[in-house]
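Participant: File start26.cif below, mmCIF, C-alpha atoms and all ligand atoms:
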data_upload
loop_
_atom_site.label_atom_id
_atom_site.label_comp_id
_atom_site.auth_asym_id
_atom_site.auth_seq_id
_atom_site.Cartn_x
_atom_site.Cartn_y
_atom_site.Cartn_z
CA MET F 1 13.19 -16.58 -1.10
CA ASP F 2 16.55 -15.61 0.44
CA CYS F 3 16.29 -14.06 3.89
CA LYS F 4 17.47 -10.71 2.46
CA HIS F 5 15.08 -9.30 -0.09
CA MET F 6 15.18 -6.94 -3.09
CA VAL F 7 12.38 -4.50 -2.35
CA LEU F 8 10.69 -1.77 -4.40
CA ILE F 9 8.53 0.74 -2.48
CA THR F 10 6.29 3.41 -4.01
CA GLY F 11 5.76 6.83 -2.43
CA SER F 12 9.03 6.80 -0.47
CA SER F 13 9.61 10.56 -0.36
CA THR F 14 7.94 11.01 3.04
CA GLY F 15 5.87 9.27 5.72
CA PHE F 16 5.43 5.50 5.83
CA GLY F 17 7.23 4.87 2.53
CA ARG F 18 10.36 6.62 3.65
CA LEU F 19 10.36 5.03 7.11
CA ILE F 20 9.74 1.57 5.63
CA ALA F 21 12.61 2.11 3.17
CA GLU F 22 15.03 3.16 5.91
CA THR F 23 13.90 0.43 8.32
CA LEU F 24 14.20 -2.39 5.77
CA ALA F 25 17.60 -1.16 4.53
CA ARG F 26 18.90 -0.98 8.11
CA HIS F 27 17.94 -4.66 8.42
CA GLY F 28 20.00 -5.61 5.35
CA HIS F 29 17.30 -5.67 2.68
CA THR F 30 18.15 -3.95 -0.59
CA VAL F 31 15.63 -1.18 -1.06
CA PHE F 32 14.64 0.81 -4.13
CA ALA F 33 12.92 3.81 -2.57
CA THR F 34 10.88 5.16 -5.45
CA MET F 35 9.23 8.56 -5.64
CA ARG F 36 7.96 10.89 -8.32
CA ASP F 37 10.41 13.46 -9.60
CA PRO F 38 13.39 12.85 -7.23
CA GLU F 39 15.44 15.57 -8.95
CA GLY F 40 12.62 18.16 -8.86
CA ARG F 41 9.67 18.27 -6.42
CA ASN F 42 11.33 15.62 -4.20
CA ALA F 43 14.94 16.82 -4.58
CA ILE F 44 15.37 17.50 -0.86
CA ASN F 45 13.85 14.15 0.14
CA SER F 46 15.92 12.15 -2.36
CA THR F 47 19.12 13.96 -1.33
CA GLU F 48 18.43 13.19 2.34
CA ILE F 49 17.79 9.51 1.60
CA ARG F 50 20.95 9.19 -0.53
CA ALA F 51 22.97 10.96 2.19
CA LEU F 52 21.62 8.55 4.82
CA ALA F 53 22.48 5.56 2.61
CA LYS F 54 26.04 6.85 2.23
CA ARG F 55 26.46 7.76 5.92
CA GLU F 56 25.25 4.38 7.18
CA SER F 57 26.44 2.30 4.17
CA LEU F 58 22.88 1.11 3.55
CA PRO F 59 21.70 -0.83 0.47
CA LEU F 60 19.21 1.96 -0.23
CA HIS F 61 18.69 3.46 -3.70
CA VAL F 62 16.39 6.18 -5.03
CA LEU F 63 14.45 5.72 -8.28
CA ASP F 64 11.92 7.86 -10.14
CA LEU F 65 8.42 6.33 -10.19
CA ASP F 66 5.05 8.03 -10.65
CA VAL F 67 2.33 5.41 -10.05
CA THR F 68 -0.07 7.22 -12.42
CA ASP F 69 2.30 6.79 -15.38
CA ASP F 70 2.61 3.34 -17.05
CA ALA F 71 5.98 4.11 -18.64
CA SER F 72 7.43 5.46 -15.41
CA VAL F 73 6.37 2.31 -13.51
CA ASP F 74 7.84 0.01 -16.17
CA ARG F 75 11.11 1.97 -16.25
CA ALA F 76 11.54 1.80 -12.46
CA VAL F 77 10.76 -1.92 -12.29
CA ARG F 78 13.16 -2.71 -15.17
CA SER F 79 15.87 -0.58 -13.53
CA THR F 80 15.38 -2.42 -10.21
CA VAL F 81 15.76 -5.81 -11.89
CA GLU F 82 18.80 -4.61 -13.89
CA GLN F 83 20.52 -3.36 -10.73
CA ALA F 84 19.45 -6.05 -8.25
CA GLY F 85 19.10 -9.06 -10.54
CA ARG F 86 15.59 -9.77 -9.24
CA ILE F 87 12.63 -8.24 -7.44
CA ASP F 88 11.27 -10.04 -4.39
CA VAL F 89 8.88 -7.54 -2.85
CA ALA F 90 6.76 -4.69 -4.20
CA ILE F 91 5.26 -2.42 -1.55
CA ASN F 92 2.32 -0.41 -2.92
CA ASN F 93 2.37 2.52 -0.54
CA ALA F 94 1.82 5.69 -2.64
CA GLY F 95 -1.52 7.30 -1.89
CA TYR F 96 -3.31 10.34 -0.58
CA GLY F 97 -6.52 11.38 1.18
CA LEU F 98 -9.54 13.21 -0.18
CA VAL F 99 -12.06 14.81 2.15
CA GLY F 100 -15.47 16.35 1.68
CA LEU F 101 -19.13 15.48 1.34
CA ALA F 102 -19.44 12.95 -1.47
CA GLU F 103 -21.60 15.23 -3.63
CA ALA F 104 -19.04 18.05 -3.38
CA LEU F 105 -16.27 15.94 -4.92
CA THR F 106 -15.99 16.30 -8.67
CA VAL F 107 -15.80 13.34 -11.06
CA GLU F 108 -12.27 14.44 -11.91
CA GLN F 109 -11.27 14.32 -8.23
CA ALA F 110 -12.81 10.85 -7.93
CA GLN F 111 -10.94 9.61 -11.02
CA ARG F 112 -7.70 11.15 -9.81
CA ILE F 113 -7.73 9.41 -6.41
CA MET F 114 -8.58 6.06 -8.01
CA ASN F 115 -5.74 6.58 -10.47
CA THR F 116 -3.22 6.88 -7.64
CA ASN F 117 -4.61 4.77 -4.78
CA PHE F 118 -6.01 1.91 -6.91
CA PHE F 119 -4.69 1.96 -10.50
CA GLY F 120 -1.21 2.75 -9.15
CA SER F 121 -1.11 -0.73 -7.60
CA VAL F 122 -2.65 -2.28 -10.71
CA ARG F 123 0.26 -0.82 -12.71
CA VAL F 124 3.00 -1.79 -10.27
CA ASN F 125 1.70 -5.34 -9.78
CA ARG F 126 1.37 -5.92 -13.54
CA ALA F 127 4.93 -4.63 -14.01
CA VAL F 128 6.56 -6.80 -11.32
CA LEU F 129 4.58 -10.02 -11.74
CA PRO F 130 6.33 -11.34 -14.89
CA PHE F 131 9.66 -11.13 -13.00
CA MET F 132 8.24 -12.73 -9.84
CA ARG F 133 6.67 -15.51 -11.89
CA ARG F 134 10.03 -16.26 -13.50
CA GLN F 135 11.57 -16.46 -10.01
CA ARG F 136 8.57 -18.49 -8.77
CA ASN F 137 8.42 -16.30 -5.67
CA GLY F 138 7.51 -12.78 -4.70
CA LEU F 139 5.46 -10.67 -2.34
CA LEU F 140 2.96 -7.97 -3.27
CA MET F 141 2.25 -5.76 -0.28
CA HIS F 142 -0.59 -3.23 -0.28
CA ILE F 143 -0.73 -0.35 2.20
CA SER F 144 -4.48 0.02 2.56
CA SER F 145 -6.13 1.57 5.64
CA GLY F 146 -8.77 0.85 8.26
CA ALA F 147 -10.76 2.94 5.78
CA GLY F 148 -10.42 0.00 3.39
CA ARG F 149 -12.80 -1.94 5.68
CA VAL F 150 -15.07 0.61 7.38
CA ILE F 151 -16.82 3.67 5.96
CA ILE F 152 -15.93 7.10 7.31
CA PRO F 153 -18.42 9.82 6.26
CA SER F 154 -16.64 12.68 4.44
CA PHE F 155 -13.87 10.22 3.43
CA GLY F 156 -16.13 8.24 1.07
CA PHE F 157 -13.95 8.37 -2.04
CA TYR F 158 -10.80 7.63 -0.05
CA CYS F 159 -12.64 4.60 1.39
CA ALA F 160 -13.75 3.61 -2.14
CA SER F 161 -10.15 3.72 -3.37
CA LYS F 162 -8.93 1.57 -0.47
CA PHE F 163 -11.89 -0.88 -0.75
CA ALA F 164 -10.96 -1.29 -4.42
CA LEU F 165 -7.31 -1.83 -3.46
CA GLU F 166 -8.34 -4.51 -0.95
CA ALA F 167 -10.42 -6.34 -3.57
CA LEU F 168 -7.47 -6.32 -5.97
CA ALA F 169 -5.03 -7.54 -3.31
CA GLU F 170 -7.36 -10.31 -2.07
CA THR F 171 -7.99 -11.50 -5.63
CA TYR F 172 -4.24 -11.71 -6.21
CA TYR F 173 -3.91 -13.62 -2.90
CA TYR F 174 -6.14 -16.42 -4.20
CA GLU F 175 -4.94 -16.42 -7.79
CA LEU F 176 -1.17 -16.24 -7.25
CA ALA F 177 -0.65 -18.56 -4.27
CA PRO F 178 -0.30 -21.69 -6.45
CA GLN F 179 2.64 -19.97 -8.22
CA GLY F 180 4.43 -19.21 -4.94
CA ILE F 181 3.65 -15.49 -5.05
CA GLU F 182 2.07 -13.91 -1.98
CA SER F 183 -0.23 -10.90 -1.64
CA VAL F 184 -0.82 -9.18 1.69
CA ILE F 185 -2.80 -6.18 2.88
CA VAL F 186 -1.67 -3.82 5.64
CA GLU F 187 -4.39 -1.72 7.28
CA PRO F 188 -2.89 1.14 9.31
CA GLY F 189 -4.89 3.27 11.69
CA ALA F 190 -4.06 6.98 12.02
CA TYR F 191 -0.33 7.77 12.20
CA GLN F 192 1.60 11.04 12.31
CA THR F 193 2.85 11.42 8.74
CA PRO F 194 2.46 14.30 6.26
CA VAL F 195 -0.71 12.53 5.01
CA PHE F 196 -3.07 14.90 6.82
CA GLY F 197 -1.35 17.99 5.38
CA ASN F 198 -1.58 16.45 1.89
CA ILE F 199 -5.33 15.80 2.00
CA VAL F 200 -7.18 17.19 -1.03
CA ILE F 201 -10.43 19.08 -0.30
CA ALA F 202 -13.72 18.70 -2.22
CA ALA F 203 -13.73 21.21 -5.08
CA ASP F 204 -17.46 21.82 -5.62
CA GLU F 205 -18.33 23.73 -2.44
CA ALA F 206 -21.59 25.08 -3.86
CA ARG F 207 -23.04 21.58 -3.53
CA THR F 208 -22.70 21.73 0.27
CA ASP F 209 -25.12 24.67 0.79
CA THR F 210 -28.08 22.50 1.78
CA TYR F 211 -26.19 20.06 3.98
CA GLY F 212 -26.33 22.12 7.21
CA ALA F 213 -24.71 20.32 10.16
CA ALA F 214 -23.36 17.55 7.88
CA ASN F 215 -20.76 20.10 6.77
CA GLN F 216 -19.11 19.59 10.15
CA ILE F 217 -18.50 15.86 9.62
CA GLY F 218 -15.21 16.37 7.76
CA PRO F 219 -13.58 18.71 10.29
CA LYS F 220 -14.85 16.55 13.18
CA VAL F 221 -13.46 13.33 11.72
CA GLY F 222 -10.20 15.07 10.73
CA ALA F 223 -9.71 16.37 14.29
CA ALA F 224 -10.42 12.93 15.79
CA LEU F 225 -7.98 11.21 13.42
CA THR F 226 -5.12 13.65 13.99
CA ALA F 227 -5.66 13.57 17.77
CA ALA F 228 -5.38 9.76 17.76
CA ALA F 229 -2.40 9.57 15.38
CA GLY F 230 0.43 7.34 16.58
CA ASN F 231 4.15 6.98 15.85
CA PRO F 232 4.54 5.82 12.21
CA GLN F 233 7.64 3.77 13.08
CA GLU F 234 5.16 1.18 14.45
CA LEU F 235 3.89 0.67 10.91
CA ALA F 236 7.40 0.40 9.45
CA ASP F 237 8.33 -2.18 12.12
CA ALA F 238 5.16 -4.17 11.33
CA VAL F 239 6.03 -4.15 7.61
CA LEU F 240 9.53 -5.47 8.42
CA GLN F 241 8.02 -8.28 10.50
CA ILE F 242 5.53 -9.23 7.76
CA LEU F 243 8.24 -9.21 5.10
CA GLU F 244 10.45 -11.48 7.23
CA THR F 245 7.61 -13.94 7.97
CA PRO F 246 8.40 -17.15 6.05
CA VAL F 247 6.55 -17.93 2.84
CA GLY F 248 3.31 -19.79 3.55
CA HIS F 249 2.96 -18.33 7.05
CA LYS F 250 1.76 -14.84 6.16
CA LYS F 251 -1.81 -13.71 6.77
CA LEU F 252 -3.83 -11.98 4.07
CA ARG F 253 -4.61 -8.97 6.27
CA TYR F 254 -2.67 -7.15 8.97
CA ARG F 255 -4.42 -4.45 10.96
CA VAL F 256 -1.84 -2.10 12.53
CA SER F 257 -3.44 0.33 14.95
CA ALA F 258 -3.91 1.13 18.61
CA ALA F 259 -7.55 2.07 17.90
CA ASP F 260 -10.32 -0.54 17.98
CA LEU F 261 -12.75 0.44 15.21
CA GLY F 262 -13.99 -3.10 14.58
CA VAL F 263 -11.65 -3.73 11.63
CA ASP F 264 -10.32 -6.96 13.20
CA GLU F 265 -13.91 -8.20 13.61
CA ILE F 266 -14.70 -7.52 9.97
CA ASN F 267 -11.50 -9.25 8.89
CA ALA F 268 -12.28 -12.36 10.96
CA LEU F 269 -15.84 -12.54 9.63
CA SER F 270 -14.66 -11.89 6.07
CA GLU F 271 -12.10 -14.72 6.29
CA ALA F 272 -14.82 -17.16 7.42
CA VAL F 273 -17.27 -15.98 4.74
CA GLN F 274 -14.64 -16.11 1.99
CA SER F 275 -13.66 -19.68 3.00
CA ARG F 276 -17.30 -20.74 2.67
CA LEU F 277 -17.59 -18.96 -0.67
CA LEU F 278 -14.47 -20.60 -2.08
CA GLU F 279 -15.67 -23.98 -0.87
CA ALA F 280 -19.07 -23.38 -2.51
CA PHE F 281 -17.27 -22.78 -5.81
CA GLY F 282 -15.11 -25.87 -5.29
CA LEU F 283 -11.95 -23.77 -5.14
CA THR F 284 -10.30 -25.01 -1.96
CA ALA F 285 -9.30 -28.62 -2.58
CA ASP F 286 -5.54 -29.17 -2.82
CA THR F 287 -4.68 -25.57 -3.66
CA ALA F 288 -1.73 -23.67 -2.24
CA PHE F 289 -4.23 -21.12 -1.02
CA VAL F 290 -5.61 -23.54 1.57
CA GLN F 291 -2.16 -24.13 3.03
CA THR F 292 -1.35 -20.40 3.09
CA SER F 293 -4.64 -19.48 4.71
CA THR F 294 -4.47 -22.16 7.40
CA ALA F 295 -0.88 -21.34 8.29
CA GLY F 296 -1.62 -17.66 8.65
CA ALA F 297 -4.92 -17.92 10.48
N1 LIG S 301 -0.69 8.13 7.93
C1 LIG S 301 -1.86 7.56 8.13
O1 LIG S 301 -2.55 7.86 9.14
C2 LIG S 301 -2.37 6.51 7.18
C3 LIG S 301 -3.38 5.65 7.64
C4 LIG S 301 -3.85 4.67 6.77
C5 LIG S 301 -3.31 4.54 5.52
N2 LIG S 301 -2.34 5.39 5.10
C6 LIG S 301 -1.80 5.19 3.74
O2 LIG S 301 -0.38 5.08 3.81
C7 LIG S 301 0.18 5.45 2.55
C8 LIG S 301 1.33 6.41 2.77
O3 LIG S 301 0.83 7.61 3.33
P1 LIG S 301 1.62 8.45 4.44
O4 LIG S 301 0.81 8.45 5.65
O5 LIG S 301 3.03 8.02 4.53
O6 LIG S 301 1.49 9.93 3.82
P2 LIG S 301 2.51 10.82 2.96
O7 LIG S 301 3.69 11.14 3.78
O8 LIG S 301 1.69 11.92 2.41
O9 LIG S 301 3.01 9.84 1.81
C9 LIG S 301 2.31 9.63 0.62
C10 LIG S 301 3.32 9.26 -0.43
O10 LIG S 301 2.62 8.93 -1.64
C11 LIG S 301 3.29 9.59 -2.68
N3 LIG S 301 2.50 9.77 -3.88
C12 LIG S 301 1.33 10.43 -4.07
N4 LIG S 301 0.97 10.40 -5.37
C13 LIG S 301 1.94 9.69 -6.01
C14 LIG S 301 2.16 9.31 -7.35
N5 LIG S 301 1.31 9.65 -8.33
N6 LIG S 301 3.25 8.56 -7.66
C15 LIG S 301 4.13 8.20 -6.69
N7 LIG S 301 4.00 8.57 -5.41
C16 LIG S 301 2.92 9.30 -5.08
C17 LIG S 301 3.74 10.92 -2.10
O11 LIG S 301 4.73 11.45 -2.93
P3 LIG S 301 4.95 13.04 -3.21
O12 LIG S 301 5.93 13.45 -2.17
O13 LIG S 301 5.54 13.09 -4.58
O14 LIG S 301 3.62 13.71 -3.11
C18 LIG S 301 4.26 10.41 -0.76
O15 LIG S 301 5.56 9.88 -0.90
C19 LIG S 301 -0.96 6.04 1.71
O16 LIG S 301 -1.42 5.06 0.79
C20 LIG S 301 -2.04 6.32 2.76
O17 LIG S 301 -3.34 6.25 2.21
C21 LIG S 301 -1.85 6.38 5.89
#
With the file now loaded, output its structure as structure tokens.
Ligand SMILES: NC(=O)c1ccc[n+]([C@@H]2O[C@H](COP(=O)([O-])OP(=O)(O)OC[C@H]3O[C@@H](n4cnc5c(N)ncnc54)[C@H](OP(=O)(O)O)[C@@H]3O)[C@@H](O)[C@H]2O)c1
Facilitator:
Amino acid sequence: MDCKHMVLITGSSTGFGRLIAETLARHGHTVFATMRDPEGRNAINSTEIRALAKRESLPLHVLDLDVTDDASVDRAVRSTVEQAGRIDVAINNAGYGLVGLAEALTVEQAQRIMNTNFFGSVRVNRAVLPFMRRQRNGLLMHISSGAGRVIIPSFGFYCASKFALEALAETYYYELAPQGIESVIVEPGAYQTPVFGNIVIAADEARTDTYGAANQIGPKVGAALTAAAGNPQELADAVLQILETPVGHKKLRYRVSAADLGVDEINALSEAVQSRLLEAFGLTADTAFVQTSTAGA
């Protein structure tokens, strides 16, 4: 891969996505900052990003992409390749939180969060991979969460969506390495973005009547998370560093957080267990995965 990359990011209207887009563009990477409905619900955000690009002469472009819509994803990926000639990096960032006792969340709410936080990445990865395969290089990045490795009561379905995302990303890591395509997972702790204001609340309140004190779990966890939230530029800087790490030297997982919730421990144990598992299935000998894993360990 060249040292300057062609990057597509989902969910770039606000928060991490927007900061990542601006940070990468300021470091010379060409960025397609995608968001849903840039001329409507995100008109102010898209105008601000375009104005910044003009003011600072940045290689930063806005594109329409709703991760829940197959056609929208395909259109944005095709447009990126038409404009940039290739696509080196896809950053799966779009996502939102869902809070409430598990029983009080409706099936529709559960399906909806999976459709964005998990199937969104399925769609984007499937759309970009044929182009990356042709180039014989590429990077799939997945913005997961510490909640993709530990369970937070009252955030159960959010955790489920991020656990699913991690399984997808780790599978791609093993399967794509021999073709020169990398997959990495970024696990942020709590950071001050609009994410907390955008959290969806459990819809079936009647189900919570018998739960007594357990009803306080959500507000308690929410208060602890917002109180601990750090500066999101840290996450954008970490993403820049990961993206600029040479091929073959990236880790599978990057925990980015000041808080120690044991996520690093789980990641270390998981890496050891997975190595044993792959060996047991005879999957380690002479594969590119072995080289990638050793270099990044
Ligand atoms: N901030 C944290 O503490 C934290 C910690 C761990 C993980 N994360 C993860 O980081 C990612 C970014 O969150 P954030 O903190 O930056 O919050 P945010 O400011 O609320 O950003 C979320 C982004 O996702 C977009 N999005 C939602 N549904 C979408 C869809 N269907 N199609 C395209 N875009 C969609 C939103 O776009 P709209 O403007 O159109 O709604 C917004 O741009 C999320 O995956 C989140 O789970 C955040």
Participant: So how many Å separate atom CA of Leu225 of chain F and atom CA of Ile49 of chain F, to one decimal?
Facilitator: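 Between atom CA of Leu225 of chain F and atom CA of Ile49 of chain F the gap works out to 28.4 Å.
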Participant: List the residues sitting within 12 Å of (16.4, -10.1, 1.3) in the file's frame, using all atoms listed in the file, as a VMD selection string.
Facilitator: chain F and resid 1 to 8 24 to 31 59 84 86 to 89 138 to 139 240 243 to 246
Participant: Rounded to one decimal, what separation in Å do you get between atom CA of Ser121 of chain F and atom CA of Asn93 of chain F?
Facilitator: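 These atoms are spaced 8.5 Å apart.
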Participant: Can you pull out every residue with an atom within 6 Å of ligand LIG 301 (chain S)? Use all atoms listed in the file and format it as number ranges by chain.
Facilitator: F: 10-17, 35-36, 65-68, 93-96, 116, 143-145, 188-195, 198
Participant: Looking at F:Thr34, F:Thr23, F:Thr171, F:Asn137, which one is nearest to Ser79 of chain F, with distances taken over only C-alpha atoms?
Facilitator: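 Among the listed residues, the smallest separation from Ser79 of chain F belongs to F:Thr34.
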Participant: Please report the interatomic distance between atom CA of Leu168 of chain F and atom CA of Val122 of chain F in Å with one decimal.
Facilitator: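 Atom-to-atom, atom CA of Leu168 of chain F to atom CA of Val122 of chain F, that is 7.9 Å.
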Participant: With a cut-off of 12 Å, could you pull out the residues of segment 29-148 of chain F touching segment 265-287 of chain F and give me the nearest pair of atoms for each, distance in Å to one decimal, using all atoms listed in the file, ordered by chain and ascending number, as CSV?
Facilitator:
residue,atom,partner,partner_atom,distance
F:Gly146,CA,F:Ile266,CA,10.4
F:Ala147,CA,F:Ile266,CA,11.9
F:Gly148,CA,F:Asn267,CA,10.8
Participant: Please determine, counting all atoms listed in the file, which residue among F:Arg112, F:His61, F:Arg78, F:Arg253 has the shortest atom-to-atom distance to Ala127 of chain F.
Facilitator: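 Of F:Arg112, F:His61, F:Arg78, F:Arg253, the one nearest Ala127 of chain F is F:Arg78, counting all atoms listed in the file.
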Participant: Which residue is closest to Asp69 of chain F? Choose from F:Ser161, F:Gln216, F:Asn42, F:Asn115 and count only C-alpha atoms.
Facilitator: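 When distances to Asp69 of chain F are compared using only C-alpha atoms, the smallest one comes from F:Asn115.
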Participant: Skip Val62 of chain F itself and residues of its chain fewer than 5 positions away, then list as an NGL selection string all residues within 7 Å of it, counting all atoms listed in the file.
Facilitator: :F and (32-34 or 46)
Participant: For each of F:Ile217, F:Ile242, F:Val124, F:Ile113, take the minimum atom-to-atom distance to Ala164 of chain F, counting all atoms listed in the file, then give the residue where this is smallest.
Facilitator: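 Answer, going by the shortest atom-to-atom distance: F:Ile113.
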Participant: Taking every listed atom of segment 99-109 of chain F and adding 8 Å to each side, what centre and edge lengths in Å (one decimal) does the axis-aligned box have, as lines of an AutoDock Vina configuration file?
Facilitator:
center_x = -16.4
center_y = 15.5
center_z = -4.9
size_x = 26.3
size_y = 21.1
size_z = 30.1
Participant: From the set F:Ile91, F:Val107, F:Ile152, F:Ala227, which residue has the shortest atom-to-atom contact distance to Ala169 of chain F, counting only C-alpha atoms?
Facilitator: F:Ile91
Participant: Could you name the residues that touch Ser154 of chain F at 6 Å or less, counting all atoms listed in the file, but leaving out those on the same chain fewer than 2 positions away, as a PDB file with C-alpha atoms, keeping the file's coordinate frame?
Facilitator:
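Output contents, as saved in out-v5.pdb:
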ATOM      1  CA  VAL F  99     -12.060  14.810   2.150  1.00  0.00           C
ATOM      2  CA  GLY F 100     -15.470  16.350   1.680  1.00  0.00           C
ATOM      3  CA  LEU F 101     -19.130  15.480   1.340  1.00  0.00           C
ATOM      4  CA  GLY F 156     -16.130   8.240   1.070  1.00  0.00           C
ATOM      5  CA  GLY F 218     -15.210  16.370   7.760  1.00  0.00           C
TER       6      GLY F 218
END
